[in-house]
file final14.json (JSON, C-alpha atoms and all ligand atoms)
[["chain", "number", "residue", "atom", "x", "y", "z"],
["A", 1, "MET", "CA", 65.50, 103.43, 93.06],
["A", 2, "GLY", "CA", 62.38, 103.22, 95.24],
["A", 3, "ALA", "CA", 59.42, 105.55, 94.76],
["A", 4, "LEU", "CA", 60.45, 107.38, 97.96],
["A", 5, "SER", "CA", 64.23, 107.47, 97.46],
["A", 6, "GLY", "CA", 65.68, 110.75, 98.70],
["A", 7, "LYS", "CA", 62.61, 111.47, 100.84],
["A", 8, "THR", "CA", 62.61, 111.84, 104.60],
["A", 9, "ALA", "CA", 59.58, 110.71, 106.61],
["A", 10, "LEU", "CA", 58.46, 111.10, 110.21],
["A", 11, "VAL", "CA", 56.02, 108.44, 111.41],
["A", 12, "THR", "CA", 54.63, 109.05, 114.88],
["A", 13, "GLY", "CA", 53.80, 106.01, 116.98],
["A", 14, "ALA", "CA", 55.97, 103.75, 114.84],
["A", 15, "SER", "CA", 57.13, 101.46, 117.63],
["A", 16, "ARG", "CA", 54.15, 99.15, 117.27],
["A", 17, "GLY", "CA", 51.04, 98.28, 115.29],
["A", 18, "ILE", "CA", 49.98, 100.33, 112.29],
["A", 19, "GLY", "CA", 52.80, 102.87, 112.70],
["A", 20, "ARG", "CA", 55.43, 100.14, 112.60],
["A", 21, "ALA", "CA", 53.97, 98.76, 109.36],
["A", 22, "ILE", "CA", 53.90, 102.25, 107.86],
["A", 23, "ALA", "CA", 57.52, 102.92, 108.84],
["A", 24, "GLN", "CA", 58.60, 99.60, 107.32],
["A", 25, "GLN", "CA", 56.74, 100.23, 104.06],
["A", 26, "LEU", "CA", 58.04, 103.78, 103.63],
["A", 27, "ALA", "CA", 61.59, 102.58, 104.30],
["A", 28, "HIS", "CA", 61.10, 99.67, 101.88],
["A", 29, "HIS", "CA", 60.28, 102.20, 99.17],
["A", 30, "GLY", "CA", 63.46, 104.15, 99.89],
["A", 31, "ALA", "CA", 62.56, 106.81, 102.45],
["A", 32, "LEU", "CA", 64.76, 107.63, 105.43],
["A", 33, "VAL", "CA", 62.32, 107.11, 108.29],
["A", 34, "ALA", "CA", 62.23, 108.73, 111.73],
["A", 35, "ILE", "CA", 60.58, 106.14, 113.98],
["A", 36, "HIS", "CA", 58.83, 108.11, 116.69],
["A", 37, "TYR", "CA", 57.72, 106.43, 119.92],
["A", 38, "GLY", "CA", 56.51, 107.44, 123.37],
["A", 39, "HIS", "CA", 57.56, 104.90, 125.98],
["A", 40, "ASN", "CA", 58.22, 101.51, 124.43],
["A", 41, "GLU", "CA", 61.88, 101.74, 123.45],
["A", 42, "THR", "CA", 62.19, 97.97, 123.08],
["A", 43, "ALA", "CA", 59.40, 97.89, 120.50],
["A", 44, "ALA", "CA", 60.83, 100.94, 118.73],
["A", 45, "ASN", "CA", 64.19, 99.21, 118.48],
["A", 46, "GLU", "CA", 62.46, 96.16, 116.97],
["A", 47, "THR", "CA", 60.97, 98.39, 114.26],
["A", 48, "LEU", "CA", 64.43, 99.83, 113.63],
["A", 49, "THR", "CA", 65.96, 96.36, 113.41],
["A", 50, "HIS", "CA", 63.28, 95.16, 110.96],
["A", 51, "ILE", "CA", 64.01, 98.12, 108.71],
["A", 52, "THR", "CA", 67.79, 98.02, 108.81],
["A", 53, "ARG", "CA", 67.90, 94.22, 108.32],
["A", 54, "ALA", "CA", 65.79, 94.69, 105.19],
["A", 55, "GLY", "CA", 68.31, 97.25, 103.91],
["A", 56, "GLY", "CA", 66.30, 100.35, 104.81],
["A", 57, "LYS", "CA", 67.36, 103.53, 106.59],
["A", 58, "ALA", "CA", 65.77, 104.72, 109.84],
["A", 59, "PHE", "CA", 66.46, 106.12, 113.29],
["A", 60, "LEU", "CA", 64.56, 106.60, 116.55],
["A", 61, "VAL", "CA", 63.08, 109.74, 118.06],
["A", 62, "ARG", "CA", 61.30, 109.71, 121.41],
["A", 63, "ALA", "CA", 58.74, 112.21, 122.66],
["A", 64, "GLU", "CA", 55.64, 111.81, 124.77],
["A", 65, "LEU", "CA", 52.73, 113.39, 122.95],
["A", 66, "GLY", "CA", 49.88, 115.10, 124.74],
["A", 67, "THR", "CA", 52.27, 116.88, 127.09],
["A", 68, "PRO", "CA", 53.32, 120.55, 127.12],
["A", 69, "HIS", "CA", 55.84, 121.40, 124.36],
["A", 70, "ASP", "CA", 55.53, 117.90, 122.84],
["A", 71, "ALA", "CA", 55.89, 119.09, 119.24],
["A", 72, "GLU", "CA", 58.90, 121.26, 120.04],
["A", 73, "THR", "CA", 60.58, 118.41, 121.94],
["A", 74, "LEU", "CA", 60.01, 115.96, 119.11],
["A", 75, "TYR", "CA", 61.24, 118.28, 116.34],
["A", 76, "THR", "CA", 64.28, 119.46, 118.28],
["A", 77, "ARG", "CA", 65.37, 115.83, 118.66],
["A", 78, "LEU", "CA", 64.44, 114.98, 115.08],
["A", 79, "GLU", "CA", 66.26, 117.93, 113.55],
["A", 80, "ASP", "CA", 69.35, 117.38, 115.69],
["A", 81, "THR", "CA", 69.58, 113.79, 114.47],
["A", 82, "LEU", "CA", 68.88, 114.66, 110.84],
["A", 83, "THR", "CA", 71.46, 117.42, 110.88],
["A", 84, "ARG", "CA", 74.15, 115.36, 112.63],
["A", 85, "HIS", "CA", 73.84, 112.07, 110.83],
["A", 86, "HIS", "CA", 72.00, 112.57, 107.62],
["A", 87, "THR", "CA", 71.05, 115.51, 105.43],
["A", 88, "GLY", "CA", 69.48, 118.79, 106.56],
["A", 89, "PRO", "CA", 66.47, 119.16, 108.84],
["A", 90, "GLU", "CA", 64.01, 119.04, 105.91],
["A", 91, "LEU", "CA", 61.11, 116.63, 105.87],
["A", 92, "ASP", "CA", 58.98, 115.34, 102.98],
["A", 93, "ILE", "CA", 56.39, 113.12, 104.66],
["A", 94, "LEU", "CA", 54.68, 113.52, 108.03],
["A", 95, "VAL", "CA", 52.46, 110.65, 109.17],
["A", 96, "ASN", "CA", 50.44, 111.51, 112.27],
["A", 97, "ASN", "CA", 49.74, 107.95, 113.40],
["A", 98, "ALA", "CA", 50.30, 107.93, 117.18],
["A", 99, "GLY", "CA", 47.01, 107.68, 118.96],
["A", 100, "THR", "CA", 45.34, 106.35, 122.03],
["A", 101, "SER", "CA", 41.90, 104.93, 122.66],
["A", 102, "GLY", "CA", 39.56, 104.98, 125.60],
["A", 103, "SER", "CA", 36.16, 103.43, 125.88],
["A", 104, "ALA", "CA", 33.49, 105.57, 127.51],
["A", 105, "ARG", "CA", 29.85, 106.08, 126.73],
["A", 106, "ILE", "CA", 28.29, 109.45, 127.46],
["A", 107, "HIS", "CA", 27.56, 108.63, 131.12],
["A", 108, "ASP", "CA", 31.16, 107.50, 131.76],
["A", 109, "ALA", "CA", 32.85, 110.40, 129.99],
["A", 110, "THR", "CA", 35.06, 112.55, 132.22],
["A", 111, "PRO", "CA", 36.83, 115.86, 131.59],
["A", 112, "GLU", "CA", 40.15, 114.09, 132.26],
["A", 113, "LEU", "CA", 39.55, 111.46, 129.57],
["A", 114, "PHE", "CA", 38.34, 114.16, 127.17],
["A", 115, "ASP", "CA", 41.47, 116.25, 127.72],
["A", 116, "HIS", "CA", 43.83, 113.27, 127.41],
["A", 117, "LEU", "CA", 42.31, 111.83, 124.23],
["A", 118, "PHE", "CA", 42.09, 115.21, 122.53],
["A", 119, "ALA", "CA", 45.63, 116.09, 123.62],
["A", 120, "VAL", "CA", 47.14, 112.97, 122.04],
["A", 121, "ASN", "CA", 44.84, 112.33, 119.08],
["A", 122, "THR", "CA", 44.00, 115.86, 117.92],
["A", 123, "LYS", "CA", 46.07, 118.59, 119.56],
["A", 124, "ALA", "CA", 49.40, 116.81, 119.05],
["A", 125, "PRO", "CA", 48.84, 116.23, 115.29],
["A", 126, "LEU", "CA", 47.77, 119.87, 114.83],
["A", 127, "PHE", "CA", 50.88, 121.26, 116.50],
["A", 128, "LEU", "CA", 53.16, 118.65, 114.93],
["A", 129, "ILE", "CA", 51.95, 119.91, 111.56],
["A", 130, "GLN", "CA", 52.32, 123.56, 112.60],
["A", 131, "ARG", "CA", 55.89, 123.05, 113.81],
["A", 132, "GLY", "CA", 56.72, 120.64, 110.98],
["A", 133, "LEU", "CA", 55.76, 123.13, 108.29],
["A", 134, "LYS", "CA", 58.96, 125.01, 109.11],
["A", 135, "HIS", "CA", 60.94, 122.27, 107.37],
["A", 136, "LEU", "CA", 58.34, 120.44, 105.26],
["A", 137, "ARG", "CA", 59.42, 120.70, 101.64],
["A", 138, "ASP", "CA", 57.10, 121.81, 98.83],
["A", 139, "ASN", "CA", 55.38, 118.74, 97.26],
["A", 140, "GLY", "CA", 55.34, 117.23, 100.74],
["A", 141, "ARG", "CA", 52.80, 114.88, 102.22],
["A", 142, "ILE", "CA", 50.79, 115.03, 105.46],
["A", 143, "ILE", "CA", 48.87, 111.86, 106.28],
["A", 144, "ASN", "CA", 46.69, 111.68, 109.39],
["A", 145, "ILE", "CA", 45.56, 108.32, 110.73],
["A", 146, "SER", "CA", 41.93, 108.77, 111.63],
["A", 147, "SER", "CA", 39.37, 106.05, 112.31],
["A", 148, "ALA", "CA", 36.18, 104.64, 110.86],
["A", 149, "ALA", "CA", 34.77, 105.48, 114.30],
["A", 150, "ALA", "CA", 34.60, 109.14, 113.20],
["A", 151, "THR", "CA", 31.91, 108.41, 110.62],
["A", 152, "THR", "CA", 30.20, 105.33, 112.10],
["A", 153, "ALA", "CA", 28.01, 105.71, 115.17],
["A", 154, "TYR", "CA", 30.26, 104.27, 117.87],
["A", 155, "PRO", "CA", 28.78, 105.37, 121.22],
["A", 156, "GLU", "CA", 31.03, 102.94, 123.15],
["A", 157, "SER", "CA", 33.98, 105.24, 122.46],
["A", 158, "LEU", "CA", 32.32, 108.61, 122.17],
["A", 159, "ILE", "CA", 35.27, 110.89, 122.91],
["A", 160, "TYR", "CA", 37.73, 108.83, 120.87],
["A", 161, "SER", "CA", 35.38, 109.08, 117.87],
["A", 162, "MET", "CA", 35.14, 112.84, 118.36],
["A", 163, "THR", "CA", 38.94, 113.21, 118.35],
["A", 164, "LYS", "CA", 39.09, 111.48, 114.97],
["A", 165, "GLY", "CA", 36.21, 113.56, 113.58],
["A", 166, "ALA", "CA", 38.21, 116.66, 114.44],
["A", 167, "LEU", "CA", 41.24, 115.17, 112.70],
["A", 168, "ASN", "CA", 39.18, 114.73, 109.52],
["A", 169, "THR", "CA", 38.13, 118.39, 109.71],
["A", 170, "LEU", "CA", 41.74, 119.46, 110.23],
["A", 171, "THR", "CA", 42.73, 117.39, 107.20],
["A", 172, "ARG", "CA", 40.21, 119.05, 104.92],
["A", 173, "ALA", "CA", 40.93, 122.63, 106.00],
["A", 174, "LEU", "CA", 44.70, 122.25, 105.80],
["A", 175, "ALA", "CA", 44.53, 120.69, 102.35],
["A", 176, "LYS", "CA", 43.24, 124.00, 101.03],
["A", 177, "GLU", "CA", 45.75, 126.01, 103.03],
["A", 178, "LEU", "CA", 48.76, 124.04, 101.80],
["A", 179, "ALA", "CA", 47.77, 123.35, 98.19],
["A", 180, "PRO", "CA", 49.70, 126.40, 96.86],
["A", 181, "ARG", "CA", 52.87, 124.58, 97.97],
["A", 182, "ASN", "CA", 51.72, 121.30, 96.37],
["A", 183, "ILE", "CA", 51.58, 119.72, 99.81],
["A", 184, "THR", "CA", 48.74, 117.21, 99.99],
["A", 185, "VAL", "CA", 46.91, 116.54, 103.24],
["A", 186, "ASN", "CA", 44.85, 113.36, 103.56],
["A", 187, "ALA", "CA", 43.56, 111.07, 106.27],
["A", 188, "VAL", "CA", 43.26, 107.29, 106.34],
["A", 189, "ALA", "CA", 40.48, 105.82, 108.47],
["A", 190, "PRO", "CA", 41.08, 102.20, 109.54],
["A", 191, "GLY", "CA", 38.41, 99.95, 110.97],
["A", 192, "TYR", "CA", 39.28, 97.21, 113.47],
["A", 193, "THR", "CA", 42.91, 96.37, 112.84],
["A", 194, "GLU", "CA", 44.87, 93.68, 114.70],
["A", 195, "THR", "CA", 47.10, 95.69, 117.03],
["A", 196, "ASP", "CA", 47.64, 96.14, 120.76],
["A", 197, "MET", "CA", 45.04, 98.92, 120.74],
["A", 198, "ASN", "CA", 42.08, 96.57, 120.56],
["A", 199, "ALA", "CA", 43.61, 93.38, 121.97],
["A", 200, "THR", "CA", 41.14, 93.41, 124.89],
["A", 201, "LYS", "CA", 38.26, 93.19, 122.40],
["A", 202, "ARG", "CA", 39.76, 90.04, 120.83],
["A", 203, "THR", "CA", 40.15, 87.83, 123.89],
["A", 204, "THR", "CA", 38.21, 84.83, 122.53],
["A", 205, "PRO", "CA", 37.69, 83.33, 119.05],
["A", 206, "HIS", "CA", 34.04, 84.33, 119.40],
["A", 207, "THR", "CA", 34.72, 88.06, 120.03],
["A", 208, "THR", "CA", 37.34, 88.11, 117.27],
["A", 209, "ALA", "CA", 34.92, 86.51, 114.81],
["A", 210, "ALA", "CA", 32.22, 89.01, 115.74],
["A", 211, "LEU", "CA", 34.53, 91.93, 114.95],
["A", 212, "ALA", "CA", 35.65, 90.28, 111.70],
["A", 213, "ALA", "CA", 32.02, 89.82, 110.68],
["A", 214, "THR", "CA", 31.48, 93.60, 110.64],
["A", 215, "THR", "CA", 33.74, 93.86, 107.55],
["A", 216, "ALA", "CA", 32.76, 92.92, 104.02],
["A", 217, "PHE", "CA", 35.70, 90.50, 103.84],
["A", 218, "ASN", "CA", 34.96, 88.78, 107.16],
["A", 219, "ARG", "CA", 38.40, 89.40, 108.58],
["A", 220, "LEU", "CA", 40.09, 92.02, 110.73],
["A", 221, "GLY", "CA", 42.42, 94.51, 109.13],
["A", 222, "HIS", "CA", 46.15, 93.89, 109.23],
["A", 223, "PRO", "CA", 48.55, 96.80, 109.81],
["A", 224, "THR", "CA", 49.97, 96.25, 106.30],
["A", 225, "ASP", "CA", 46.47, 96.85, 104.84],
["A", 226, "ILE", "CA", 46.70, 100.37, 106.22],
["A", 227, "ALA", "CA", 50.39, 100.86, 105.49],
["A", 228, "ASP", "CA", 49.88, 100.12, 101.77],
["A", 229, "ILE", "CA", 47.31, 102.91, 101.51],
["A", 230, "VAL", "CA", 49.54, 105.34, 103.40],
["A", 231, "THR", "CA", 52.46, 104.46, 101.14],
["A", 232, "PHE", "CA", 50.38, 105.25, 98.06],
["A", 233, "LEU", "CA", 49.45, 108.61, 99.60],
["A", 234, "ALA", "CA", 53.12, 109.29, 100.34],
["A", 235, "THR", "CA", 54.19, 108.82, 96.71],
["A", 236, "ASP", "CA", 53.75, 111.05, 93.68],
["A", 237, "HIS", "CA", 51.04, 108.65, 92.39],
["A", 238, "SER", "CA", 48.57, 110.32, 94.80],
["A", 239, "ARG", "CA", 49.35, 113.91, 93.77],
["A", 240, "TRP", "CA", 45.76, 114.67, 92.66],
["A", 241, "ILE", "CA", 44.16, 113.62, 95.96],
["A", 242, "THR", "CA", 43.99, 116.09, 98.81],
["A", 243, "GLY", "CA", 41.62, 116.92, 101.64],
["A", 244, "HIS", "CA", 40.23, 113.41, 101.57],
["A", 245, "THR", "CA", 39.61, 110.83, 104.29],
["A", 246, "ILE", "CA", 40.08, 107.37, 102.80],
["A", 247, "ASP", "CA", 38.06, 104.60, 104.38],
["A", 248, "ALA", "CA", 40.39, 101.72, 105.20],
["A", 249, "SER", "CA", 37.98, 99.49, 107.05],
["A", 250, "GLY", "CA", 37.51, 96.60, 104.61],
["A", 251, "GLY", "CA", 33.95, 97.69, 103.95],
["A", 252, "THR", "CA", 32.85, 97.75, 107.58],
["A", 253, "HIS", "CA", 29.06, 98.01, 107.92],
["A", 254, "LEU", "CA", 28.52, 98.34, 104.16],
["A", 301, "LIG", "P1", 48.98, 100.79, 119.09],
["A", 301, "LIG", "O1", 49.34, 99.44, 118.58],
["A", 301, "LIG", "O2", 48.40, 100.94, 120.43],
["A", 301, "LIG", "O3", 50.28, 101.73, 118.95],
["A", 301, "LIG", "C1", 50.18, 103.08, 119.34],
["A", 301, "LIG", "C2", 51.45, 103.81, 118.96],
["A", 301, "LIG", "O4", 51.28, 105.19, 119.30],
["A", 301, "LIG", "C3", 52.67, 103.32, 119.70],
["A", 301, "LIG", "O5", 53.79, 103.46, 118.87],
["A", 301, "LIG", "C4", 52.75, 104.28, 120.89],
["A", 301, "LIG", "O6", 54.08, 104.47, 121.38],
["A", 301, "LIG", "C5", 52.26, 105.57, 120.26],
["A", 301, "LIG", "N1", 51.65, 106.44, 121.25],
["A", 301, "LIG", "C6", 50.43, 106.28, 121.86],
["A", 301, "LIG", "N2", 50.23, 107.27, 122.73],
["A", 301, "LIG", "C7", 51.33, 108.06, 122.69],
["A", 301, "LIG", "C8", 51.73, 109.24, 123.39],
["A", 301, "LIG", "N3", 50.94, 109.83, 124.31],
["A", 301, "LIG", "N4", 52.94, 109.78, 123.10],
["A", 301, "LIG", "C9", 53.74, 109.20, 122.19],
["A", 301, "LIG", "N5", 53.43, 108.08, 121.50],
["A", 301, "LIG", "C10", 52.23, 107.53, 121.76],
["A", 301, "LIG", "O7", 47.94, 101.52, 118.10],
["A", 301, "LIG", "P2", 47.50, 101.21, 116.60],
["A", 301, "LIG", "O8", 46.34, 100.32, 116.64],
["A", 301, "LIG", "O9", 48.70, 100.86, 115.79],
["A", 301, "LIG", "O10", 46.95, 102.66, 116.21],
["A", 301, "LIG", "C11", 47.63, 103.54, 115.35],
["A", 301, "LIG", "C12", 46.65, 104.62, 114.91],
["A", 301, "LIG", "O11", 45.57, 104.01, 114.20],
["A", 301, "LIG", "C13", 46.02, 105.40, 116.06],
["A", 301, "LIG", "O12", 45.90, 106.75, 115.72],
["A", 301, "LIG", "C14", 44.64, 104.78, 116.19],
["A", 301, "LIG", "O13", 43.70, 105.66, 116.75],
["A", 301, "LIG", "C15", 44.34, 104.44, 114.74],
["A", 301, "LIG", "N6", 43.33, 103.39, 114.59],
["A", 301, "LIG", "C16", 43.55, 102.13, 115.03],
["A", 301, "LIG", "C17", 42.58, 101.16, 114.85],
["A", 301, "LIG", "C18", 42.76, 99.73, 115.31],
["A", 301, "LIG", "O14", 41.79, 98.96, 115.26],
["A", 301, "LIG", "N7", 43.95, 99.33, 115.74],
["A", 301, "LIG", "C19", 41.37, 101.49, 114.22],
["A", 301, "LIG", "C20", 41.18, 102.79, 113.78],
["A", 301, "LIG", "C21", 42.16, 103.74, 113.95],
["A", 301, "LIG", "P3", 54.73, 103.47, 122.51],
["A", 301, "LIG", "O15", 54.89, 102.14, 121.85],
["A", 301, "LIG", "O16", 56.04, 104.08, 122.84],
["A", 301, "LIG", "O17", 53.74, 103.42, 123.61]]

call {"tool": "encode", "arguments": {"input": "final14.json", "output": "structure tokens", "more": "lines below"}}
Ligand code: NAP
result
Amino acid sequence: MGALSGKTALVTGASRGIGRAIAQQLAHHGALVAIHYGHNETAANETLTHITRAGGKAFLVRAELGTPHDAETLYTRLEDTLTRHHTGPELDILVNNAGTSGSARIHDATPELFDHLFAVNTKAPLFLIQRGLKHLRDNGRIINISSAAATTAYPESLIYSMTKGALNTLTRALAKELAPRNITVNAVAPGYTETDMNATKRTTPHTTAALAATTAFNRLGHPTDIADIVTFLATDHSRWITGHTIDASGGTHL
């Protein structure tokens, strides 16, 4: 029996990167995992294959976030699948991982970029939680993937950093709101992690080494570094932690 046997988890943005690692870890510990993705069905299927080959249980659910009715679309598809093939529509773990970045200093910021980044990184998680609460069981877990950029001065990606700061605030406020149901709400804030998101910043050994040097361990994060922390937060072992944003940056800029 895994620590998450009998639990059902939704991981947004699980086709690639950090979300894929989270989905794999939760499934490894026994959860039935809904692998959400936006566009990359091939990558989402690879996540599914990794999980099922390792003996885990998972299925796909597609929905573009940051669009009108995104939360309703996602949950309608999720609940249909859960009801048809598995148990009921109930959920135990919601991981708001899907996110998008966009570099812009103050002089390059545009209303369009602001609206897009906030729609995907902040608005979608808020309304996914709101809609998800309908079927989130007591003792459930909400885990938001934030960023070290929210608490480190990072003027190169001003709006992105702001979206993650808002996610931290959402995390703290909701933790109080949902505590009477023993639902914990926490955020995990990665630093530079080797995924597609920052591939353009790692084009040469020199640029990669410079990013690695910002951490205390002189290496970039790996998606499994983040997934291990999320898995802990998803289990009962973390029951006394709520409203917290956990730094997962390998001691960046200590
Ligand atoms: P990634 O490799 O670029 O993967 C992003 C995932 O989110 C994909 O599964 C993608 O789906 C999904 N997604 C993005 N925009 C979407 C949209 N509009 N609708 C639906 N799905 C969407 O990113 P990552 O590096 O793993 O990042 C995961 C989370 O960690 C993000 O919230 C990010 O802000 C945060 N983070 C990352 C780093 C880092 O250095 N990598 C650092 C700090 C925080 P498709 O595959 O279908 O496109």

call {"tool": "residues_near_ligand", "arguments": {"input": "final14.json", "ligand": "ligand LIG 301 (chain A)", "cutoff": "8 Å", "atoms": "all atoms listed in the file", "output": "PyMOL selection string"}}
result
chain A and resi 12-20+36-41+43-44+62-67+96-101+120-121+145-149+160+164+189-198+221+223

call {"tool": "atom_distance", "arguments": {"input": "final14.json", "atom1": "CA of Asp92 (chain A)", "atom2": "CA of Thr184 (chain A)"}}
result
10.8 Å

call {"tool": "atom_distance", "arguments": {"input": "final14.json", "atom1": "CA of Val33 (chain A)", "atom2": "CA of Met162 (chain A)"}}
result
29.5 Å

call {"tool": "closest_atom_pairs", "arguments": {"input": "final14.json", "of": "region 26-90 of chain A", "to": "region 229-242 of chain A", "cutoff": "12 Å", "atoms": "only C-alpha atoms", "output": "CSV"}}
result
residue,atom,partner,partner_atom,distance
A:Leu26,CA,A:Thr231,CA,6.1
A:Ala27,CA,A:Thr231,CA,9.8
A:His28,CA,A:Thr231,CA,9.9
A:His29,CA,A:Thr231,CA,8.4
A:Gly30,CA,A:Thr235,CA,10.9
A:Ala31,CA,A:Ala234,CA,10.0

call {"tool": "atom_distance", "arguments": {"input": "final14.json", "atom1": "CA of Thr52 (chain A)", "atom2": "CA of Gly132 (chain A)"}}
result
25.3 Å

call {"tool": "build_atoms", "arguments": {"input": "final14.json", "residues": "region 71-86 of chain A", "atoms": "N, CA, C and O atoms", "output": "PDB file, keeping the file's coordinate frame"}}
result
ATOM      1  N   ALA A  71      55.452 118.935 120.630  1.00  0.00           N
ATOM      2  CA  ALA A  71      55.890 119.090 119.240  1.00  0.00           C
ATOM      3  C   ALA A  71      57.305 119.664 119.196  1.00  0.00           C
ATOM      4  O   ALA A  71      58.154 119.206 118.409  1.00  0.00           O
ATOM      5  N   GLU A  72      57.578 120.645 120.033  1.00  0.00           N
ATOM      6  CA  GLU A  72      58.900 121.260 120.040  1.00  0.00           C
ATOM      7  C   GLU A  72      59.969 120.236 120.446  1.00  0.00           C
ATOM      8  O   GLU A  72      61.041 120.151 119.845  1.00  0.00           O
ATOM      9  N   THR A  73      59.644 119.445 121.480  1.00  0.00           N
ATOM     10  CA  THR A  73      60.580 118.410 121.940  1.00  0.00           C
ATOM     11  C   THR A  73      60.878 117.430 120.814  1.00  0.00           C
ATOM     12  O   THR A  73      62.040 117.100 120.524  1.00  0.00           O
ATOM     13  N   LEU A  74      59.818 116.958 120.166  1.00  0.00           N
ATOM     14  CA  LEU A  74      60.010 115.960 119.110  1.00  0.00           C
ATOM     15  C   LEU A  74      60.870 116.528 117.968  1.00  0.00           C
ATOM     16  O   LEU A  74      61.833 115.904 117.534  1.00  0.00           O
ATOM     17  N   TYR A  75      60.524 117.740 117.503  1.00  0.00           N
ATOM     18  CA  TYR A  75      61.240 118.280 116.340  1.00  0.00           C
ATOM     19  C   TYR A  75      62.670 118.664 116.676  1.00  0.00           C
ATOM     20  O   TYR A  75      63.557 118.544 115.833  1.00  0.00           O
ATOM     21  N   THR A  76      62.907 119.130 117.911  1.00  0.00           N
ATOM     22  CA  THR A  76      64.280 119.460 118.280  1.00  0.00           C
ATOM     23  C   THR A  76      65.139 118.209 118.189  1.00  0.00           C
ATOM     24  O   THR A  76      66.237 118.223 117.611  1.00  0.00           O
ATOM     25  N   ARG A  77      64.618 117.097 118.717  1.00  0.00           N
ATOM     26  CA  ARG A  77      65.370 115.830 118.660  1.00  0.00           C
ATOM     27  C   ARG A  77      65.502 115.339 117.217  1.00  0.00           C
ATOM     28  O   ARG A  77      66.564 114.869 116.800  1.00  0.00           O
ATOM     29  N   LEU A  78      64.424 115.445 116.470  1.00  0.00           N
ATOM     30  CA  LEU A  78      64.440 114.980 115.080  1.00  0.00           C
ATOM     31  C   LEU A  78      65.450 115.772 114.260  1.00  0.00           C
ATOM     32  O   LEU A  78      66.280 115.200 113.534  1.00  0.00           O
ATOM     33  N   GLU A  79      65.394 117.090 114.380  1.00  0.00           N
ATOM     34  CA  GLU A  79      66.260 117.930 113.550  1.00  0.00           C
ATOM     35  C   GLU A  79      67.717 117.791 113.953  1.00  0.00           C
ATOM     36  O   GLU A  79      68.601 117.806 113.088  1.00  0.00           O
ATOM     37  N   ASP A  80      67.973 117.617 115.243  1.00  0.00           N
ATOM     38  CA  ASP A  80      69.350 117.380 115.690  1.00  0.00           C
ATOM     39  C   ASP A  80      69.904 116.132 115.012  1.00  0.00           C
ATOM     40  O   ASP A  80      71.016 116.138 114.488  1.00  0.00           O
ATOM     41  N   THR A  81      69.113 115.062 115.039  1.00  0.00           N
ATOM     42  CA  THR A  81      69.580 113.790 114.470  1.00  0.00           C
ATOM     43  C   THR A  81      69.754 113.912 112.966  1.00  0.00           C
ATOM     44  O   THR A  81      70.758 113.451 112.407  1.00  0.00           O
ATOM     45  N   LEU A  82      68.783 114.519 112.303  1.00  0.00           N
ATOM     46  CA  LEU A  82      68.880 114.660 110.840  1.00  0.00           C
ATOM     47  C   LEU A  82      70.113 115.483 110.473  1.00  0.00           C
ATOM     48  O   LEU A  82      70.833 115.149 109.536  1.00  0.00           O
ATOM     49  N   THR A  83      70.348 116.543 111.211  1.00  0.00           N
ATOM     50  CA  THR A  83      71.460 117.420 110.880  1.00  0.00           C
ATOM     51  C   THR A  83      72.799 116.742 111.158  1.00  0.00           C
ATOM     52  O   THR A  83      73.739 116.849 110.365  1.00  0.00           O
ATOM     53  N   ARG A  84      72.878 116.006 112.273  1.00  0.00           N
ATOM     54  CA  ARG A  84      74.150 115.360 112.630  1.00  0.00           C
ATOM     55  C   ARG A  84      74.500 114.193 111.735  1.00  0.00           C
ATOM     56  O   ARG A  84      75.632 114.047 111.291  1.00  0.00           O
ATOM     57  N   HIS A  85      73.516 113.341 111.476  1.00  0.00           N
ATOM     58  CA  HIS A  85      73.840 112.070 110.830  1.00  0.00           C
ATOM     59  C   HIS A  85      73.418 111.949 109.381  1.00  0.00           C
ATOM     60  O   HIS A  85      73.860 111.051 108.684  1.00  0.00           O
ATOM     61  N   HIS A  86      72.532 112.831 108.945  1.00  0.00           N
ATOM     62  CA  HIS A  86      72.000 112.570 107.620  1.00  0.00           C
ATOM     63  C   HIS A  86      72.119 113.817 106.743  1.00  0.00           C
ATOM     64  O   HIS A  86      73.213 114.263 106.478  1.00  0.00           O
TER      65      HIS A  86
END
